[in-house]
file final16.pdb (PDB, C-alpha atoms)
ATOM      1  CA  MET A  22       0.000   0.000   0.000  1.00  0.00           C
ATOM      2  CA  ARG A  23       1.389   3.381  -0.965  1.00  0.00           C
ATOM      3  CA  PRO A  24       2.155   5.703   1.962  1.00  0.00           C
ATOM      4  CA  ILE A  25      -0.334   8.400   0.918  1.00  0.00           C
ATOM      5  CA  PHE A  26      -3.157   5.853   0.725  1.00  0.00           C
ATOM      6  CA  TRP A  27      -2.189   4.415   4.100  1.00  0.00           C
ATOM      7  CA  TRP A  28      -2.403   7.850   5.716  1.00  0.00           C
ATOM      8  CA  ALA A  29      -5.640   8.755   3.936  1.00  0.00           C
ATOM      9  CA  TYR A  30      -7.279   5.450   4.885  1.00  0.00           C
ATOM     10  CA  HIS A  31      -6.351   5.643   8.560  1.00  0.00           C
ATOM     11  CA  ILE A  32      -7.307   9.291   8.928  1.00  0.00           C
ATOM     12  CA  PHE A  33     -10.638   8.636   7.158  1.00  0.00           C
ATOM     13  CA  ILE A  34     -11.435   5.709   9.488  1.00  0.00           C
ATOM     14  CA  LEU A  35     -10.380   7.802  12.492  1.00  0.00           C
ATOM     15  CA  LEU A  36     -12.813  10.570  11.480  1.00  0.00           C
ATOM     16  CA  ILE A  37     -15.630   8.055  11.039  1.00  0.00           C
ATOM     17  CA  CYS A  38     -14.938   6.645  14.515  1.00  0.00           C
ATOM     18  CA  MET A  39     -14.991  10.146  15.983  1.00  0.00           C
ATOM     19  CA  GLY A  40     -18.363  10.729  14.343  1.00  0.00           C
ATOM     20  CA  PHE A  41     -19.749   7.568  15.921  1.00  0.00           C
ATOM     21  CA  LEU A  42     -18.313   8.628  19.281  1.00  0.00           C
ATOM     22  CA  ILE A  43     -20.110  11.970  19.043  1.00  0.00           C
ATOM     23  CA  LEU A  44     -23.318  10.211  17.958  1.00  0.00           C
ATOM     24  CA  GLY A  45     -23.054   7.827  20.912  1.00  0.00           C
ATOM     25  CA  ILE A  46     -22.620  10.720  23.343  1.00  0.00           C
ATOM     26  CA  LYS A  47     -25.668  12.487  21.881  1.00  0.00           C
ATOM     27  CA  MET A  48     -27.691   9.277  22.160  1.00  0.00           C
ATOM     28  CA  LEU A  49     -26.599   8.859  25.778  1.00  0.00           C
ATOM     29  CA  ARG A  50     -27.684  12.406  26.599  1.00  0.00           C
ATOM     30  CA  GLY A  51     -31.011  11.787  24.878  1.00  0.00           C
ATOM     31  CA  ALA A  52     -31.565   8.580  26.831  1.00  0.00           C
ATOM     32  CA  TYR A  53     -31.822  10.498  30.085  1.00  0.00           C
ATOM     33  CA  GLY A  54     -34.824  12.429  28.765  1.00  0.00           C
ATOM     34  CA  MET A  55     -36.911   9.326  28.028  1.00  0.00           C
ATOM     35  CA  GLN A  56     -40.012   8.588  30.086  1.00  0.00           C
ATOM     36  CA  SER A  57     -40.204   4.812  29.643  1.00  0.00           C
ATOM     37  CA  PRO A  58     -37.671   2.761  31.644  1.00  0.00           C
ATOM     38  CA  LEU A  59     -37.455   0.131  28.900  1.00  0.00           C
ATOM     39  CA  ASN A  60     -36.620   2.719  26.260  1.00  0.00           C
ATOM     40  CA  PHE A  61     -34.079   4.261  28.624  1.00  0.00           C
ATOM     41  CA  PHE A  62     -32.260   0.955  29.144  1.00  0.00           C
ATOM     42  CA  ILE A  63     -32.206   0.156  25.435  1.00  0.00           C
ATOM     43  CA  ALA A  64     -30.878   3.612  24.513  1.00  0.00           C
ATOM     44  CA  PHE A  65     -28.443   3.679  27.450  1.00  0.00           C
ATOM     45  CA  PHE A  66     -26.803   0.337  26.736  1.00  0.00           C
ATOM     46  CA  GLY A  67     -26.818   0.865  22.973  1.00  0.00           C
ATOM     47  CA  SER A  68     -25.119   4.235  23.246  1.00  0.00           C
ATOM     48  CA  SER A  69     -22.671   2.918  25.847  1.00  0.00           C
ATOM     49  CA  MET A  70     -21.647   0.126  23.474  1.00  0.00           C
ATOM     50  CA  MET A  71     -21.255   2.619  20.629  1.00  0.00           C
ATOM     51  CA  ILE A  72     -19.052   4.850  22.796  1.00  0.00           C
ATOM     52  CA  LEU A  73     -16.954   1.888  23.966  1.00  0.00           C
ATOM     53  CA  VAL A  74     -16.335   0.428  20.504  1.00  0.00           C
ATOM     54  CA  SER A  75     -15.645   3.749  18.791  1.00  0.00           C
ATOM     55  CA  GLY A  76     -13.358   4.853  21.639  1.00  0.00           C
ATOM     56  CA  ALA A  77     -11.368   1.622  21.420  1.00  0.00           C
ATOM     57  CA  LEU A  78     -11.046   1.980  17.640  1.00  0.00           C
ATOM     58  CA  ILE A  79      -9.906   5.598  18.003  1.00  0.00           C
ATOM     59  CA  VAL A  80      -7.199   4.578  20.455  1.00  0.00           C
ATOM     60  CA  GLY A  81      -6.060   1.726  18.205  1.00  0.00           C
ATOM     61  CA  PHE A  82      -5.866   3.866  15.071  1.00  0.00           C
ATOM     62  CA  LEU A  83      -4.105   6.670  16.959  1.00  0.00           C
ATOM     63  CA  ILE A  84      -1.478   4.201  18.179  1.00  0.00           C
ATOM     64  CA  LYS A  85      -0.955   2.953  14.601  1.00  0.00           C
ATOM     65  CA  ILE A  86      -0.639   6.517  13.291  1.00  0.00           C
ATOM     66  CA  ILE A  87       1.787   7.563  16.036  1.00  0.00           C
ATOM     67  CA  LEU A  88       3.989   4.491  15.517  1.00  0.00           C
ATOM     68  CA  ARG A  89       4.043   5.079  11.753  1.00  0.00           C
ATOM     69  CA  TRP A  90       4.867   8.767  12.290  1.00  0.00           C
ATOM     70  CA  ARG A  91       7.720   7.928  14.661  1.00  0.00           C
ATOM     71  CA  GLY A  92       9.093   5.407  12.177  1.00  0.00           C
ATOM     72  CA  ALA A  93       9.007   7.988   9.374  1.00  0.00           C
ATOM     73  CA  VAL A  94      10.738  10.598  11.526  1.00  0.00           C
ATOM     74  CA  ASN A  95      13.412   8.114  12.632  1.00  0.00           C
ATOM     75  CA  ASN A  96      14.066   7.104   9.006  1.00  0.00           C
ATOM     76  CA  GLN A  97      14.516  10.731   7.982  1.00  0.00           C
ATOM     77  CA  LEU A  98      16.895  11.391  10.878  1.00  0.00           C
ATOM     78  CA  ASN A  99      18.963   8.310  10.023  1.00  0.00           C
ATOM     79  CA  GLN A 100      19.183   9.247   6.330  1.00  0.00           C
ATOM     80  CA  GLY A 101      19.906  12.949   6.829  1.00  0.00           C
TER
END
call {"tool": "encode", "arguments": {"input": "final16.pdb", "output": "structure tokens"}}
result
Amino acid sequence: MRPIFWWAYHIFILLICMGFLILGIKMLRGAYGMQSPLNFFIAFFGSSMMILVSGALIVGFLIKIILRWRGAVNNQLNQG
């Protein structure tokens, strides 16, 4: 995979995960305004799962990006 496509792919996926994180937080806030306990539990656990999964993916992709960035910087320092 070419380096520019690698960066574009990972940044695109990172932005999508951030969007789902924001959506999960909005859903969680909306769950507290519900009148029915059943609807509250469904919305609460669904949004909590969305926040958990998107947060874990964000951390994983950030680690990949940081490691790739450090490797690129180290290669430039060694060559120059």
call {"tool": "axis_aligned_box", "arguments": {"input": "final16.pdb", "around": "stretch 86-91 of chain A", "padding_each_side": "8 Å", "output": "JSON"}}
result
{"center_x": 3.5, "center_y": 6.6, "center_z": 13.9, "size_x": 24.4, "size_y": 20.3, "size_z": 20.3}
call {"tool": "resolve_selection", "arguments": {"input": "final16.pdb", "expression": "the PyMOL selection byres ((chain A and resi 43) around 12)", "output": "MDAnalysis selection string"}}
result
chainID A and resid 36:42 44:50 68:69 71:73 75:76
call {"tool": "write_last_selection", "arguments": {"input": "final16.pdb", "atoms": "C-alpha atoms", "output": "CSV table (one decimal), in the frame of the given file"}}
result
chain,number,residue,atom,x,y,z
A,36,LEU,CA,-12.8,10.6,11.5
A,37,ILE,CA,-15.6,8.1,11.0
A,38,CYS,CA,-14.9,6.6,14.5
A,39,MET,CA,-15.0,10.1,16.0
A,40,GLY,CA,-18.4,10.7,14.3
A,41,PHE,CA,-19.7,7.6,15.9
A,42,LEU,CA,-18.3,8.6,19.3
A,44,LEU,CA,-23.3,10.2,18.0
A,45,GLY,CA,-23.1,7.8,20.9
A,46,ILE,CA,-22.6,10.7,23.3
A,47,LYS,CA,-25.7,12.5,21.9
A,48,MET,CA,-27.7,9.3,22.2
A,49,LEU,CA,-26.6,8.9,25.8
A,50,ARG,CA,-27.7,12.4,26.6
A,68,SER,CA,-25.1,4.2,23.2
A,69,SER,CA,-22.7,2.9,25.8
A,71,MET,CA,-21.3,2.6,20.6
A,72,ILE,CA,-19.1,4.8,22.8
A,73,LEU,CA,-17.0,1.9,24.0
A,75,SER,CA,-15.6,3.7,18.8
A,76,GLY,CA,-13.4,4.9,21.6
call {"tool": "atom_distance", "arguments": {"input": "final16.pdb", "atom1": "atom CA of A:Phe65", "atom2": "atom CA of A:Tyr53"}}
result
8.1 Å
call {"tool": "atom_distance", "arguments": {"input": "final16.pdb", "atom1": "atom CA of A:Leu98", "atom2": "atom CA of A:Ile79"}}
result
28.3 Å
call {"tool": "atom_distance", "arguments": {"input": "final16.pdb", "atom1": "atom CA of A:Ala64", "atom2": "atom CA of A:Ile34"}}
result
24.7 Å
call {"tool": "closest_residue", "arguments": {"input": "final16.pdb", "among": "A:Phe61, A:Leu35, A:Gly54, A:Asn96", "to": "A:Ile84", "atoms": "only C-alpha atoms"}}
result
A:Leu35
call {"tool": "residues_around", "arguments": {"input": "final16.pdb", "residues": "stretch 85-92 of chain A", "least_positions_apart": "5", "cutoff": "9 Å", "atoms": "all atoms listed in the file", "output": "list in words"}}
result
Trp28, His31, Ile32, Val80 and Gln97 of chain A
call {"tool": "closest_residue", "arguments": {"input": "final16.pdb", "among": "A:Phe62, A:Val94, A:Val74, A:Leu83", "to": "A:Phe33", "atoms": "all atoms listed in the file"}}
result
A:Leu83
call {"tool": "build_atoms", "arguments": {"input": "final16.pdb", "residues": "stretch 32-53 of chain A", "atoms": "N, CA and C atoms", "output": "mmCIF file, in the frame of the given file"}}
result
data_model
loop_
_atom_site.group_PDB
_atom_site.id
_atom_site.type_symbol
_atom_site.label_atom_id
_atom_site.label_comp_id
_atom_site.auth_asym_id
_atom_site.auth_seq_id
_atom_site.Cartn_x
_atom_site.Cartn_y
_atom_site.Cartn_z
ATOM 1 N N ILE A 32 -6.703 8.041 8.482
ATOM 2 C CA ILE A 32 -7.307 9.291 8.928
ATOM 3 C C ILE A 32 -8.806 9.286 8.639
ATOM 4 N N PHE A 33 -9.216 8.736 7.490
ATOM 5 C CA PHE A 33 -10.638 8.636 7.158
ATOM 6 C C PHE A 33 -11.368 7.762 8.171
ATOM 7 N N ILE A 34 -10.813 6.607 8.505
ATOM 8 C CA ILE A 34 -11.435 5.709 9.488
ATOM 9 C C ILE A 34 -11.464 6.367 10.859
ATOM 10 N N LEU A 35 -10.427 7.100 11.215
ATOM 11 C CA LEU A 35 -10.380 7.802 12.492
ATOM 12 C C LEU A 35 -11.493 8.843 12.574
ATOM 13 N N LEU A 36 -11.732 9.578 11.492
ATOM 14 C CA LEU A 36 -12.813 10.570 11.480
ATOM 15 C C LEU A 36 -14.183 9.914 11.582
ATOM 16 N N ILE A 37 -14.359 8.779 10.922
ATOM 17 C CA ILE A 37 -15.630 8.055 11.039
ATOM 18 C C ILE A 37 -15.855 7.593 12.481
ATOM 19 N N CYS A 38 -14.816 7.088 13.125
ATOM 20 C CA CYS A 38 -14.938 6.645 14.515
ATOM 21 C C CYS A 38 -15.259 7.812 15.442
ATOM 22 N N MET A 39 -14.679 8.970 15.172
ATOM 23 C CA MET A 39 -14.991 10.146 15.983
ATOM 24 C C MET A 39 -16.445 10.572 15.795
ATOM 25 N N GLY A 40 -16.948 10.429 14.583
ATOM 26 C CA GLY A 40 -18.363 10.729 14.343
ATOM 27 C C GLY A 40 -19.273 9.801 15.117
ATOM 28 N N PHE A 41 -18.945 8.509 15.152
ATOM 29 C CA PHE A 41 -19.749 7.568 15.921
ATOM 30 C C PHE A 41 -19.627 7.823 17.423
ATOM 31 N N LEU A 42 -18.471 8.281 17.870
ATOM 32 C CA LEU A 42 -18.313 8.628 19.281
ATOM 33 C C LEU A 42 -19.222 9.802 19.640
ATOM 34 N N ILE A 43 -19.245 10.818 18.799
ATOM 35 C CA ILE A 43 -20.110 11.970 19.043
ATOM 36 C C ILE A 43 -21.577 11.556 19.007
ATOM 37 N N LEU A 44 -21.948 10.702 18.039
ATOM 38 C CA LEU A 44 -23.318 10.211 17.958
ATOM 39 C C LEU A 44 -23.695 9.414 19.207
ATOM 40 N N GLY A 45 -22.788 8.599 19.696
ATOM 41 C CA GLY A 45 -23.054 7.827 20.912
ATOM 42 C C GLY A 45 -23.247 8.720 22.127
ATOM 43 N N ILE A 46 -22.469 9.785 22.220
ATOM 44 C CA ILE A 46 -22.620 10.720 23.343
ATOM 45 C C ILE A 46 -23.962 11.441 23.255
ATOM 46 N N LYS A 47 -24.363 11.829 22.048
ATOM 47 C CA LYS A 47 -25.668 12.487 21.881
ATOM 48 C C LYS A 47 -26.805 11.529 22.218
ATOM 49 N N MET A 48 -26.673 10.268 21.815
ATOM 50 C CA MET A 48 -27.691 9.277 22.160
ATOM 51 C C MET A 48 -27.772 9.067 23.668
ATOM 52 N N LEU A 49 -26.626 9.050 24.330
ATOM 53 C CA LEU A 49 -26.599 8.859 25.778
ATOM 54 C C LEU A 49 -27.288 10.026 26.488
ATOM 55 N N ARG A 50 -27.023 11.235 26.009
ATOM 56 C CA ARG A 50 -27.684 12.406 26.599
ATOM 57 C C ARG A 50 -29.185 12.356 26.361
ATOM 58 N N GLY A 51 -29.589 11.892 25.182
ATOM 59 C CA GLY A 51 -31.011 11.787 24.878
ATOM 60 C C GLY A 51 -31.708 10.698 25.676
ATOM 61 N N ALA A 52 -30.973 9.680 26.067
ATOM 62 C CA ALA A 52 -31.565 8.580 26.831
ATOM 63 C C ALA A 52 -32.063 9.054 28.188
ATOM 64 N N TYR A 53 -31.415 10.026 28.763
ATOM 65 C CA TYR A 53 -31.822 10.498 30.085
ATOM 66 C C TYR A 53 -33.117 11.295 30.049
#
